[in-house]
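Each remark here refers to the structure printed beneath this line.
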Amino acid sequence: MHFSFRLLITAFFLSQSLVSFSQTKVAIIGGGMAGVSGAHFISELDPTAQITLFEKEEKLGGNAQTVSIRNKEGQLVNVDAGPQYFIEGPWDDYIAFLEKTLGSNPYQSETVDASLLIQREKQQKPVLVSPLGMKLRGERLGKLLKLKRFNKEAYEMYKHPDHWKGISIETWVKGLKFDESYKNEIIYPFLAASLGTTVPEIKTTSAVDIVKLFAFRKPKASNQFKVMTDGMGTLIQRVGEKMNPKQVTIKCSSPVTKVVRSKDKWLVTYSTNGMEQTELVDFVIFATHADQTAKILKSEPSLSEAIQSLKHLTYFQAKIALHTDSSFVNNEKPSFLNIITNDSNQLVSSTMNLSMISKRLDGIYKSWASPEAIEQLQKSGKLLHVSTFWHPLITTDFITQLAVLHKQLAESPSLYLSGGWSEGLETQNSAIISGQHAANKYKAFVVKGK
Ligand SMILES: Cc1cc2nc3c(=O)[nH]c(=O)nc-3n(C[C@H](O)[C@H](O)[C@H](O)COP(=O)(O)OP(=O)(O)OC[C@H]3O[C@@H](n4cnc5c(N)ncnc54)[C@H](O)[C@@H]3O)c2cc1C
C-alpha cells in the first residue's frame with residue numbers, strides 16, 4: 001500500500017517533469033570541478049536537457065592540474081600541482097560524487113601524516129616541529145601543547161560558525177590567549193602557508209571560512225590527509241569521459257568571450273580554432289572565477305550591478321613549483337609541511353615533502369616559493385614543473401559582497417554563478433556543492449516554465 005502510494009507520487013512528479021522539461025539548452029562555462037558537477041547534476045535531473053560545457057584549456061580540470069613527471073627511478077608519476085588533499089567529513093560530497101560518477105573502485109588514494117615544521121631562514125634548529133605519527137622528535141613540548149590548544153580554539157569556531165561571521169583572522173587571533181611571539185612565529189605563518197598566501201593577506205581573511213577550509217576537526221581526530229594516486233585533475237577528466245555525449249557536448253580549447261541576453265535567451269560567443277562562434281541557450285552557468293565572469297558579462301547592461309560586485313571579489317596569485325631541491329626541507333626531522341620564515345616572521349617558502357606520501361614520489365617536493373627561488377630552481381636544473389594559480393582571498397569583505405551578489409542574481413532566473421568561490425569556501429568539495437546549487441536553480445527555472 002505504502003509502496004504504491006510512493007509510486008503514484010513519483011509518477012506525478014515525472015509527468016510534471018515531462019511537461020516542463022523540453023530540451024532546454026544549457027551552456028556551462030568552465031570545466032573545473034564546479035562546471036563538470038553542474039553538467040552531471042543537470043543531466044541527472046533532466047535527461048532531455050542539451051548541455052554544452054565550454055572549457056578554455058585543452059583539458060577539463062581547472063585548478064585541479066595533474067601533471068606527469070619523472071621520479072628518481074625515471075618512472076612517470078602523477079602529481080597534483082594544484083589541489084591535492086581531501087579527508088572524510090569535509091570532503092564527503094567529493095567522495096560521494098566520484099563514487100557515483102565513476103562507479104565501483106572509483107579511485108585509489110594514499111594517506112599522509114600531517115606533520116609540520118617551521119624554521120627560520122639559515123637556522124638549523126626549527127622554531128616548531130610536530131611529532132611524526134606517535135613519535136616525538138625532540139620538540140619543545142610547551143609549543144606543541146599550544147598548537148593543540150590552537151586546534152581546539154579553531155574547532156570551537158568550526159562547531160559554532162554563526163558566532164564568528166564577519167570576524168577576520170587577525171581579530172580572532174588577537175583575542176586568543178597566546179603570547180605575541182607564538183602568534184607571530186607560528187600561528188600566522190602556519191595559517192598563511194596552509195592557504196598558500198602571505199602573512200599580511202591571511203590576516204584579512206574571514207576567520208570562520210578559513211577554519212572551514214582547513215577542515216579543523218575534533219581535536220582527537222586522526223591527523224591524516226588523503227591524496228588521489230592518479231591525481232584530482234585526472235579524475236575530473238574521467239568524469240567528463242563518462243558523460244553521455246548525446247546529452248553533454250564538451251568543448252575544450254573553446255574560451256567563451258561574451259555572454260549577452262537575446263530576448264528571453266542568452267547568446268554565448270566563444271572561439272574554437274581561432275574561429276568565433278555563437279550558441280543560443282535558455283540557461284547559462286558560469287563556473288569560472290568571479291573576475292573572469294565579470295569580463296565575459298561586461299557587455300550585458302542588465303547585470304551592471306552584479307558585475308560591480310564580481311569585481312570586488314579579490315584573488316591572489318599562487319605559484320607552485322614541483323622540484324627536486326631537498327634544501328627546502330629539514331632532512332634531520334622529516335615533516336610533510338616545511339615552512340621557512342625570515343626574521344620578520346614573513347613566509348619565505350612552504351614546501352610539501354611528497355616522499356612522505358609514497359615511494360613513487362621519492363625526492364619530489366612541492367613548493368610555494370618566490371619568483372627568484374623558482375628562477376634559481378630552473379637554473380640549477382631542479383625544477384620539474386611550475387603552475388600559476390589564482391585563488392580567491394576570502395576576506396570578510398568577500399563574504400559580505402558574495403551575499404549581495406547572490407541577492408542581485410536572484411532576479412535572473414536563467415543564470416547561475418557557480419564555482420567553489422561562490423560558496424565562500426574554495427575546495428573541490430565546495431565546487432561540487434555549487435554544481436548542485438546550479439542544478440537546483442535550473443530546476444526552479446524549468447518548473448516555472450521558460
Ligand atoms: C594551489 C592550490 C591548492 C589547492 N589545494 C586544494 C586541496 O588540497 N583540496 C581541495 O579540495 N581544494 C584545493 N584548492 C582549491 C580548488 O582548487 C578549488 O576549490 C577548485 O578547483 C574550484 O573549482 P572550480 O571548478 O570552481 O574552479 P576552477 O578549477 O578554477 O575551474 C574554472 C575553469 O574555468 C575555465 N575558464 C576560465 N575562463 C574561461 C572562459 N572564458 N571560457 C571557458 N572556460 C574558462 C578555467 O580554464 C577552469 O578550467 C587548491 C587551490 C589552489 C590554487
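Numbering starts fresh at 1 for the residues of each chain in the C-alpha cells, the chains themselves are lettered A, B, ... in the order given, and ligands are numbered from 1 as they appear.
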Check which residues of chain A sit at most 7 Å from ligand 1 using only C-alpha atoms and all ligand atoms, and return one row each with the closest pair of atoms and their distance in Å to one decimal, ordered by chain and rising number, as JSON lines.
{"residue": "A:Ile29", "atom": "CA", "partner": "ligand 1", "partner_atom_place_in_ligand_line": "43 (C)", "distance": 5.0}
{"residue": "A:Gly30", "atom": "CA", "partner": "ligand 1", "partner_atom_place_in_ligand_line": "34 (O)", "distance": 3.3}
{"residue": "A:Gly31", "atom": "CA", "partner": "ligand 1", "partner_atom_place_in_ligand_line": "49 (O)", "distance": 4.5}
{"residue": "A:Gly32", "atom": "CA", "partner": "ligand 1", "partner_atom_place_in_ligand_line": "25 (O)", "distance": 3.4}
{"residue": "A:Met33", "atom": "CA", "partner": "ligand 1", "partner_atom_place_in_ligand_line": "25 (O)", "distance": 3.9}
{"residue": "A:Ala34", "atom": "CA", "partner": "ligand 1", "partner_atom_place_in_ligand_line": "25 (O)", "distance": 3.7}
{"residue": "A:Gly35", "atom": "CA", "partner": "ligand 1", "partner_atom_place_in_ligand_line": "25 (O)", "distance": 5.6}
{"residue": "A:Phe54", "atom": "CA", "partner": "ligand 1", "partner_atom_place_in_ligand_line": "43 (C)", "distance": 5.0}
{"residue": "A:Glu55", "atom": "CA", "partner": "ligand 1", "partner_atom_place_in_ligand_line": "44 (N)", "distance": 3.8}
{"residue": "A:Lys56", "atom": "CA", "partner": "ligand 1", "partner_atom_place_in_ligand_line": "43 (C)", "distance": 4.0}
{"residue": "A:Glu57", "atom": "CA", "partner": "ligand 1", "partner_atom_place_in_ligand_line": "47 (O)", "distance": 5.2}
{"residue": "A:Leu60", "atom": "CA", "partner": "ligand 1", "partner_atom_place_in_ligand_line": "49 (O)", "distance": 6.0}
{"residue": "A:Gly61", "atom": "CA", "partner": "ligand 1", "partner_atom_place_in_ligand_line": "49 (O)", "distance": 5.5}
{"residue": "A:Gly62", "atom": "CA", "partner": "ligand 1", "partner_atom_place_in_ligand_line": "49 (O)", "distance": 3.0}
{"residue": "A:Asn63", "atom": "CA", "partner": "ligand 1", "partner_atom_place_in_ligand_line": "29 (O)", "distance": 3.8}
{"residue": "A:Ala64", "atom": "CA", "partner": "ligand 1", "partner_atom_place_in_ligand_line": "21 (O)", "distance": 5.4}
{"residue": "A:Ala81", "atom": "CA", "partner": "ligand 1", "partner_atom_place_in_ligand_line": "1 (C)", "distance": 6.9}
{"residue": "A:Gly82", "atom": "CA", "partner": "ligand 1", "partner_atom_place_in_ligand_line": "2 (C)", "distance": 4.2}
{"residue": "A:Pro83", "atom": "CA", "partner": "ligand 1", "partner_atom_place_in_ligand_line": "5 (N)", "distance": 3.1}
{"residue": "A:Gln84", "atom": "CA", "partner": "ligand 1", "partner_atom_place_in_ligand_line": "8 (O)", "distance": 3.9}
{"residue": "A:Tyr85", "atom": "CA", "partner": "ligand 1", "partner_atom_place_in_ligand_line": "8 (O)", "distance": 3.7}
{"residue": "A:Phe86", "atom": "CA", "partner": "ligand 1", "partner_atom_place_in_ligand_line": "9 (N)", "distance": 5.6}
{"residue": "A:Gly196", "atom": "CA", "partner": "ligand 1", "partner_atom_place_in_ligand_line": "1 (C)", "distance": 6.5}
{"residue": "A:Ser254", "atom": "CA", "partner": "ligand 1", "partner_atom_place_in_ligand_line": "43 (C)", "distance": 6.1}
{"residue": "A:Pro255", "atom": "CA", "partner": "ligand 1", "partner_atom_place_in_ligand_line": "42 (N)", "distance": 3.6}
{"residue": "A:Val256", "atom": "CA", "partner": "ligand 1", "partner_atom_place_in_ligand_line": "42 (N)", "distance": 3.9}
{"residue": "A:Thr257", "atom": "CA", "partner": "ligand 1", "partner_atom_place_in_ligand_line": "41 (N)", "distance": 5.6}
{"residue": "A:Ala287", "atom": "CA", "partner": "ligand 1", "partner_atom_place_in_ligand_line": "32 (C)", "distance": 5.8}
{"residue": "A:Thr288", "atom": "CA", "partner": "ligand 1", "partner_atom_place_in_ligand_line": "34 (O)", "distance": 4.1}
{"residue": "A:His289", "atom": "CA", "partner": "ligand 1", "partner_atom_place_in_ligand_line": "32 (C)", "distance": 6.1}
{"residue": "A:Gln292", "atom": "CA", "partner": "ligand 1", "partner_atom_place_in_ligand_line": "38 (N)", "distance": 5.7}
{"residue": "A:Ile296", "atom": "CA", "partner": "ligand 1", "partner_atom_place_in_ligand_line": "41 (N)", "distance": 6.6}
{"residue": "A:Ala318", "atom": "CA", "partner": "ligand 1", "partner_atom_place_in_ligand_line": "1 (C)", "distance": 6.1}
{"residue": "A:Ile320", "atom": "CA", "partner": "ligand 1", "partner_atom_place_in_ligand_line": "1 (C)", "distance": 6.5}
{"residue": "A:Phe389", "atom": "CA", "partner": "ligand 1", "partner_atom_place_in_ligand_line": "53 (C)", "distance": 4.9}
{"residue": "A:Trp390", "atom": "CA", "partner": "ligand 1", "partner_atom_place_in_ligand_line": "53 (C)", "distance": 6.0}
{"residue": "A:His391", "atom": "CA", "partner": "ligand 1", "partner_atom_place_in_ligand_line": "53 (C)", "distance": 5.1}
{"residue": "A:Ser418", "atom": "CA", "partner": "ligand 1", "partner_atom_place_in_ligand_line": "26 (O)", "distance": 6.8}
{"residue": "A:Gly419", "atom": "CA", "partner": "ligand 1", "partner_atom_place_in_ligand_line": "26 (O)", "distance": 3.2}
{"residue": "A:Gly420", "atom": "CA", "partner": "ligand 1", "partner_atom_place_in_ligand_line": "26 (O)", "distance": 3.8}
{"residue": "A:Trp421", "atom": "CA", "partner": "ligand 1", "partner_atom_place_in_ligand_line": "26 (O)", "distance": 6.2}
{"residue": "A:Glu426", "atom": "CA", "partner": "ligand 1", "partner_atom_place_in_ligand_line": "19 (O)", "distance": 3.8}
{"residue": "A:Thr427", "atom": "CA", "partner": "ligand 1", "partner_atom_place_in_ligand_line": "19 (O)", "distance": 3.2}
{"residue": "A:Gln428", "atom": "CA", "partner": "ligand 1", "partner_atom_place_in_ligand_line": "11 (O)", "distance": 3.8}
{"residue": "A:Asn429", "atom": "CA", "partner": "ligand 1", "partner_atom_place_in_ligand_line": "11 (O)", "distance": 5.8}
{"residue": "A:Ser430", "atom": "CA", "partner": "ligand 1", "partner_atom_place_in_ligand_line": "19 (O)", "distance": 6.6}
{"residue": "A:Ala431", "atom": "CA", "partner": "ligand 1", "partner_atom_place_in_ligand_line": "26 (O)", "distance": 4.9}
Check the smallest atom-to-atom distance from each of A:Ser355, A:Thr111, A:Ser37, A:Asn78 to A:Phe97 using only C-alpha atoms, then report the winner.
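Closest to A:Phe97, using only C-alpha atoms: A:Ser37.
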Check the DSSP output for the backbone and give back, as a ChimeraX atom specification, the residues of stretch 178-385 of chain A in strand (DSSP E).
/A:224-228,248-251,256-262,265-272,275-281,283-286,315-323,337-341,347-353,365-369,383-385
Have a look at A:Gln108, A:Ser253, A:Thr396, A:Gln346 and name the one nearest to A:Thr197; count only C-alpha atoms.
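The answer is A:Gln346, which sits nearest to A:Thr197.
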Can you pull out the residues contacting A:Gly38? Cut-off 9 Å, using only C-alpha atoms, and skip same-chain residues under 3 positions away; I want them as a list in words.
Ile28, Met33, Ala34, Gly35, Phe41, Ile42, Ser43, Ile285, Ala287, Ser418, Ile432, Ile433, Ser434, Gly435, Gln436, His437, Ala438 and Ala439 of chain A
Writer output for current selection, N, CA, C and O atoms, as a PDB file, in the first residue's frame:
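Okay, part-v5.pdb is ready:
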ATOM      1  N   ILE A  28      27.368  25.734 -19.982  1.00  0.00           N
ATOM      2  CA  ILE A  28      28.163  25.817 -18.747  1.00  0.00           C
ATOM      3  C   ILE A  28      29.551  26.293 -19.161  1.00  0.00           C
ATOM      4  O   ILE A  28      30.186  25.684 -20.031  1.00  0.00           O
ATOM      5  N   MET A  33      35.910  21.493 -11.482  1.00  0.00           N
ATOM      6  CA  MET A  33      35.005  20.605 -10.758  1.00  0.00           C
ATOM      7  C   MET A  33      33.586  21.171 -10.683  1.00  0.00           C
ATOM      8  O   MET A  33      32.609  20.431 -10.788  1.00  0.00           O
ATOM      9  N   ALA A  34      33.448  22.492 -10.584  1.00  0.00           N
ATOM     10  CA  ALA A  34      32.108  23.081 -10.474  1.00  0.00           C
ATOM     11  C   ALA A  34      31.339  22.904 -11.778  1.00  0.00           C
ATOM     12  O   ALA A  34      30.168  22.501 -11.763  1.00  0.00           O
ATOM     13  N   GLY A  35      31.984  23.170 -12.915  1.00  0.00           N
ATOM     14  CA  GLY A  35      31.304  23.050 -14.206  1.00  0.00           C
ATOM     15  C   GLY A  35      30.935  21.605 -14.493  1.00  0.00           C
ATOM     16  O   GLY A  35      29.820  21.301 -14.932  1.00  0.00           O
ATOM     17  N   PHE A  41      24.822  17.042 -12.550  1.00  0.00           N
ATOM     18  CA  PHE A  41      23.560  17.127 -11.786  1.00  0.00           C
ATOM     19  C   PHE A  41      22.392  17.555 -12.674  1.00  0.00           C
ATOM     20  O   PHE A  41      21.272  17.095 -12.485  1.00  0.00           O
ATOM     21  N   ILE A  42      22.656  18.426 -13.660  1.00  0.00           N
ATOM     22  CA  ILE A  42      21.550  18.827 -14.549  1.00  0.00           C
ATOM     23  C   ILE A  42      21.138  17.658 -15.434  1.00  0.00           C
ATOM     24  O   ILE A  42      19.951  17.389 -15.615  1.00  0.00           O
ATOM     25  N   SER A  43      22.120  16.919 -15.958  1.00  0.00           N
ATOM     26  CA  SER A  43      21.735  15.822 -16.853  1.00  0.00           C
ATOM     27  C   SER A  43      21.007  14.731 -16.063  1.00  0.00           C
ATOM     28  O   SER A  43      20.124  14.057 -16.597  1.00  0.00           O
ATOM     29  N   ILE A 285      25.299  28.824 -17.027  1.00  0.00           N
ATOM     30  CA  ILE A 285      26.005  28.695 -15.736  1.00  0.00           C
ATOM     31  C   ILE A 285      27.446  29.137 -15.943  1.00  0.00           C
ATOM     32  O   ILE A 285      28.135  28.636 -16.846  1.00  0.00           O
ATOM     33  N   ALA A 287      30.912  28.789 -14.474  1.00  0.00           N
ATOM     34  CA  ALA A 287      31.701  28.060 -13.474  1.00  0.00           C
ATOM     35  C   ALA A 287      33.154  28.520 -13.587  1.00  0.00           C
ATOM     36  O   ALA A 287      34.094  27.731 -13.533  1.00  0.00           O
ATOM     37  N   SER A 418      28.382  29.853 -10.569  1.00  0.00           N
ATOM     38  CA  SER A 418      28.843  28.691  -9.810  1.00  0.00           C
ATOM     39  C   SER A 418      30.345  28.818  -9.546  1.00  0.00           C
ATOM     40  O   SER A 418      30.948  29.845  -9.812  1.00  0.00           O
ATOM     41  N   ILE A 432      31.685  21.075  -5.907  1.00  0.00           N
ATOM     42  CA  ILE A 432      30.602  20.107  -6.185  1.00  0.00           C
ATOM     43  C   ILE A 432      29.283  20.625  -5.610  1.00  0.00           C
ATOM     44  O   ILE A 432      28.237  20.572  -6.275  1.00  0.00           O
ATOM     45  N   ILE A 433      29.328  21.170  -4.422  1.00  0.00           N
ATOM     46  CA  ILE A 433      28.097  21.718  -3.827  1.00  0.00           C
ATOM     47  C   ILE A 433      27.555  22.833  -4.732  1.00  0.00           C
ATOM     48  O   ILE A 433      26.355  22.935  -4.972  1.00  0.00           O
ATOM     49  N   SER A 434      28.460  23.634  -5.288  1.00  0.00           N
ATOM     50  CA  SER A 434      27.984  24.722  -6.146  1.00  0.00           C
ATOM     51  C   SER A 434      27.380  24.161  -7.438  1.00  0.00           C
ATOM     52  O   SER A 434      26.461  24.753  -8.007  1.00  0.00           O
ATOM     53  N   GLY A 435      27.877  23.026  -7.920  1.00  0.00           N
ATOM     54  CA  GLY A 435      27.275  22.363  -9.084  1.00  0.00           C
ATOM     55  C   GLY A 435      25.855  21.907  -8.753  1.00  0.00           C
ATOM     56  O   GLY A 435      24.945  22.021  -9.576  1.00  0.00           O
ATOM     57  N   GLN A 436      25.678  21.438  -7.508  1.00  0.00           N
ATOM     58  CA  GLN A 436      24.324  21.033  -7.075  1.00  0.00           C
ATOM     59  C   GLN A 436      23.408  22.246  -7.016  1.00  0.00           C
ATOM     60  O   GLN A 436      22.257  22.194  -7.447  1.00  0.00           O
ATOM     61  N   HIS A 437      23.922  23.349  -6.496  1.00  0.00           N
ATOM     62  CA  HIS A 437      23.115  24.573  -6.406  1.00  0.00           C
ATOM     63  C   HIS A 437      22.731  25.076  -7.796  1.00  0.00           C
ATOM     64  O   HIS A 437      21.629  25.571  -8.006  1.00  0.00           O
ATOM     65  N   ALA A 438      23.660  24.941  -8.751  1.00  0.00           N
ATOM     66  CA  ALA A 438      23.354  25.351 -10.134  1.00  0.00           C
ATOM     67  C   ALA A 438      22.187  24.512 -10.655  1.00  0.00           C
ATOM     68  O   ALA A 438      21.256  25.035 -11.282  1.00  0.00           O
ATOM     69  N   ALA A 439      22.216  23.213 -10.365  1.00  0.00           N
ATOM     70  CA  ALA A 439      21.133  22.329 -10.837  1.00  0.00           C
ATOM     71  C   ALA A 439      19.816  22.688 -10.147  1.00  0.00           C
ATOM     72  O   ALA A 439      18.752  22.632 -10.762  1.00  0.00           O
TER      73      ALA A 439
END
Contacts of stretch 178-189 of chain A at 9 Å or less, counting only C-alpha atoms, minus same-chain residues fewer than 3 places along, as a list in words?
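In the requested form, the answer reads Ile118, Val127, Leu128, Lys143, Lys146, Leu147, Phe150, Ile169, Glu170, Val173, Lys174, Gly175, Ala192, Ala193, Ser194, Thr198, Val199, Pro200, Ile202, Lys203, Ile339, Ile340, Thr341, Ser344, Asn345, Gln346 and Leu347 of chain A.
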Let me see the file: selected residues, N, CA, C and O atoms, as a short mmCIF file (atom, residue, chain, number, x, y, z; two decimals), in the first residue's frame.
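What ended up in result.cif:
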data_model
loop_
_atom_site.label_atom_id
_atom_site.label_comp_id
_atom_site.auth_asym_id
_atom_site.auth_seq_id
_atom_site.Cartn_x
_atom_site.Cartn_y
_atom_site.Cartn_z
N ILE A 118 58.40 24.38 11.29
CA ILE A 118 58.62 25.80 10.95
C ILE A 118 60.06 26.13 11.30
O ILE A 118 60.53 25.82 12.41
N VAL A 127 61.85 26.25 14.70
CA VAL A 127 61.06 27.01 15.67
C VAL A 127 59.99 26.08 16.24
O VAL A 127 59.63 26.13 17.41
N LEU A 128 59.49 25.19 15.38
CA LEU A 128 58.47 24.22 15.81
C LEU A 128 58.59 22.98 14.94
O LEU A 128 58.77 23.07 13.74
N LYS A 143 55.40 24.31 23.14
CA LYS A 143 54.90 24.84 21.86
C LYS A 143 53.89 23.88 21.24
O LYS A 143 52.93 24.30 20.61
N LYS A 146 50.58 24.16 22.94
CA LYS A 146 49.89 25.37 22.47
C LYS A 146 49.25 25.11 21.11
O LYS A 146 48.17 25.60 20.82
N LEU A 147 49.94 24.34 20.26
CA LEU A 147 49.38 24.05 18.92
C LEU A 147 48.09 23.25 19.07
O LEU A 147 47.12 23.47 18.35
N PHE A 150 45.48 25.58 20.14
CA PHE A 150 45.05 26.40 19.00
C PHE A 150 44.05 25.62 18.14
O PHE A 150 43.03 26.14 17.70
N ILE A 169 40.74 36.91 10.48
CA ILE A 169 41.75 36.07 11.17
C ILE A 169 42.49 36.93 12.19
O ILE A 169 42.72 36.51 13.33
N GLU A 170 42.85 38.16 11.81
CA GLU A 170 43.64 39.00 12.73
C GLU A 170 42.85 39.27 14.02
O GLU A 170 43.40 39.16 15.11
N VAL A 173 42.69 35.99 16.05
CA VAL A 173 43.97 35.61 16.68
C VAL A 173 44.32 36.59 17.80
O VAL A 173 44.83 36.18 18.86
N LYS A 174 44.01 37.88 17.61
CA LYS A 174 44.30 38.88 18.66
C LYS A 174 43.61 38.50 19.97
O LYS A 174 44.14 38.71 21.05
N GLY A 175 42.40 37.94 19.86
CA GLY A 175 41.63 37.59 21.06
C GLY A 175 42.06 36.28 21.71
O GLY A 175 41.56 35.93 22.78
N ALA A 192 48.98 31.08 6.95
CA ALA A 192 49.28 31.62 5.61
C ALA A 192 49.79 30.51 4.70
O ALA A 192 49.36 30.39 3.54
N ALA A 193 50.68 29.68 5.22
CA ALA A 193 51.23 28.60 4.37
C ALA A 193 50.16 27.59 4.01
O ALA A 193 50.16 27.05 2.90
N SER A 194 49.23 27.36 4.90
CA SER A 194 48.18 26.38 4.59
C SER A 194 47.30 26.86 3.45
O SER A 194 46.79 26.05 2.69
N THR A 198 50.31 35.00 1.81
CA THR A 198 51.30 35.65 2.66
C THR A 198 50.68 35.95 4.04
O THR A 198 49.45 35.92 4.20
N VAL A 199 51.53 36.32 5.01
CA VAL A 199 51.01 36.64 6.34
C VAL A 199 50.09 37.88 6.31
O VAL A 199 48.98 37.82 6.85
N PRO A 200 50.49 39.00 5.66
CA PRO A 200 49.57 40.15 5.65
C PRO A 200 48.21 39.79 5.04
O PRO A 200 47.17 40.24 5.50
N ILE A 202 46.70 36.76 4.88
CA ILE A 202 45.90 35.81 5.68
C ILE A 202 45.19 36.57 6.81
O ILE A 202 44.09 36.22 7.21
N LYS A 203 45.81 37.65 7.29
CA LYS A 203 45.20 38.40 8.40
C LYS A 203 43.86 39.00 8.00
O LYS A 203 42.99 39.21 8.83
N ILE A 339 57.84 24.93 6.57
CA ILE A 339 57.65 26.37 6.37
C ILE A 339 58.95 27.09 6.73
O ILE A 339 59.50 26.85 7.82
N ILE A 340 59.42 27.95 5.85
CA ILE A 340 60.62 28.75 6.17
C ILE A 340 60.20 30.21 6.28
O ILE A 340 59.49 30.73 5.40
N THR A 341 60.58 30.84 7.40
CA THR A 341 60.23 32.25 7.61
C THR A 341 61.51 33.10 7.70
O THR A 341 62.60 32.56 7.94
N SER A 344 61.44 38.62 10.18
CA SER A 344 60.22 39.35 10.49
C SER A 344 59.00 38.43 10.51
O SER A 344 57.86 38.89 10.40
N ASN A 345 59.23 37.14 10.54
CA ASN A 345 58.15 36.13 10.55
C ASN A 345 57.28 36.15 9.30
O ASN A 345 56.11 35.79 9.35
N GLN A 346 57.88 36.61 8.18
CA GLN A 346 57.15 36.52 6.92
C GLN A 346 57.56 35.22 6.23
O GLN A 346 58.66 34.72 6.45
N LEU A 347 56.65 34.70 5.39
CA LEU A 347 56.96 33.43 4.73
C LEU A 347 58.03 33.61 3.65
O LEU A 347 57.94 34.54 2.85
#
Looking only at alpha helix (DSSP H) from DSSP on the backbone, list the matching residues of stretch 124-282 of chain A as a ChimeraX atom specification.
/A:141-159,169-174,180-182,188-195,199-204,207-213,232-242
Distance query A:Gln237 at most 8 Å, only C-alpha atoms, self and fewer than 2 positions along chain excluded, as a list in words
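Everything that qualifies: Lys59, Leu60, Gly61, Gly233, Thr234, Leu235, Val239, Gly240 and Glu241 of chain A.
Closest to A:Ile51 among A:Lys246, A:Lys311, A:Lys333, A:His323 is A:Lys246, based on only C-alpha atoms.
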In Å to one decimal, how far is atom CA of A:Arg137 from atom CA of A:Val79?
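Here the two named atoms are 28.9 Å from each other.
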Excluding A:Lys265 and its own-chain neighbours fewer than 4 positions away, which residues fall within 8 Å of it when counting only C-alpha atoms? Please give them as JSON, numbers by chain.
{"A": [261, 280, 281, 282, 283]}
Ranking A:Val129, A:Ala27, A:Val67, A:Cys252 by minimum distance to A:Asn330 and counting only C-alpha atoms, which one comes first?
A:Val129
Residue among A:Ala96, A:Asp80, A:Ser349, A:Gln75 lying closest to A:His385, counting only C-alpha atoms
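Of A:Ala96, A:Asp80, A:Ser349, A:Gln75, the one nearest A:His385, counting only C-alpha atoms, is A:Asp80.
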Which polymer residues have any atom within 8 Å of an atom of A:Ala369, counting only C-alpha atoms, with same-chain residues fewer than 4 positions away left out, as JSON, numbers by chain?
{"A": [319, 320, 321, 348, 349, 350, 373, 374]}
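Nearest-residue note for A:Leu384: choosing from A:Lys366, A:Lys212, A:His40, A:Lys135, the minimum distance belongs to A:Lys366, counting only C-alpha atoms.
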Please report the interatomic distance between atom CA of A:Tyr158 and atom CA of A:Ile210 in Å with one decimal.
9.6 Å
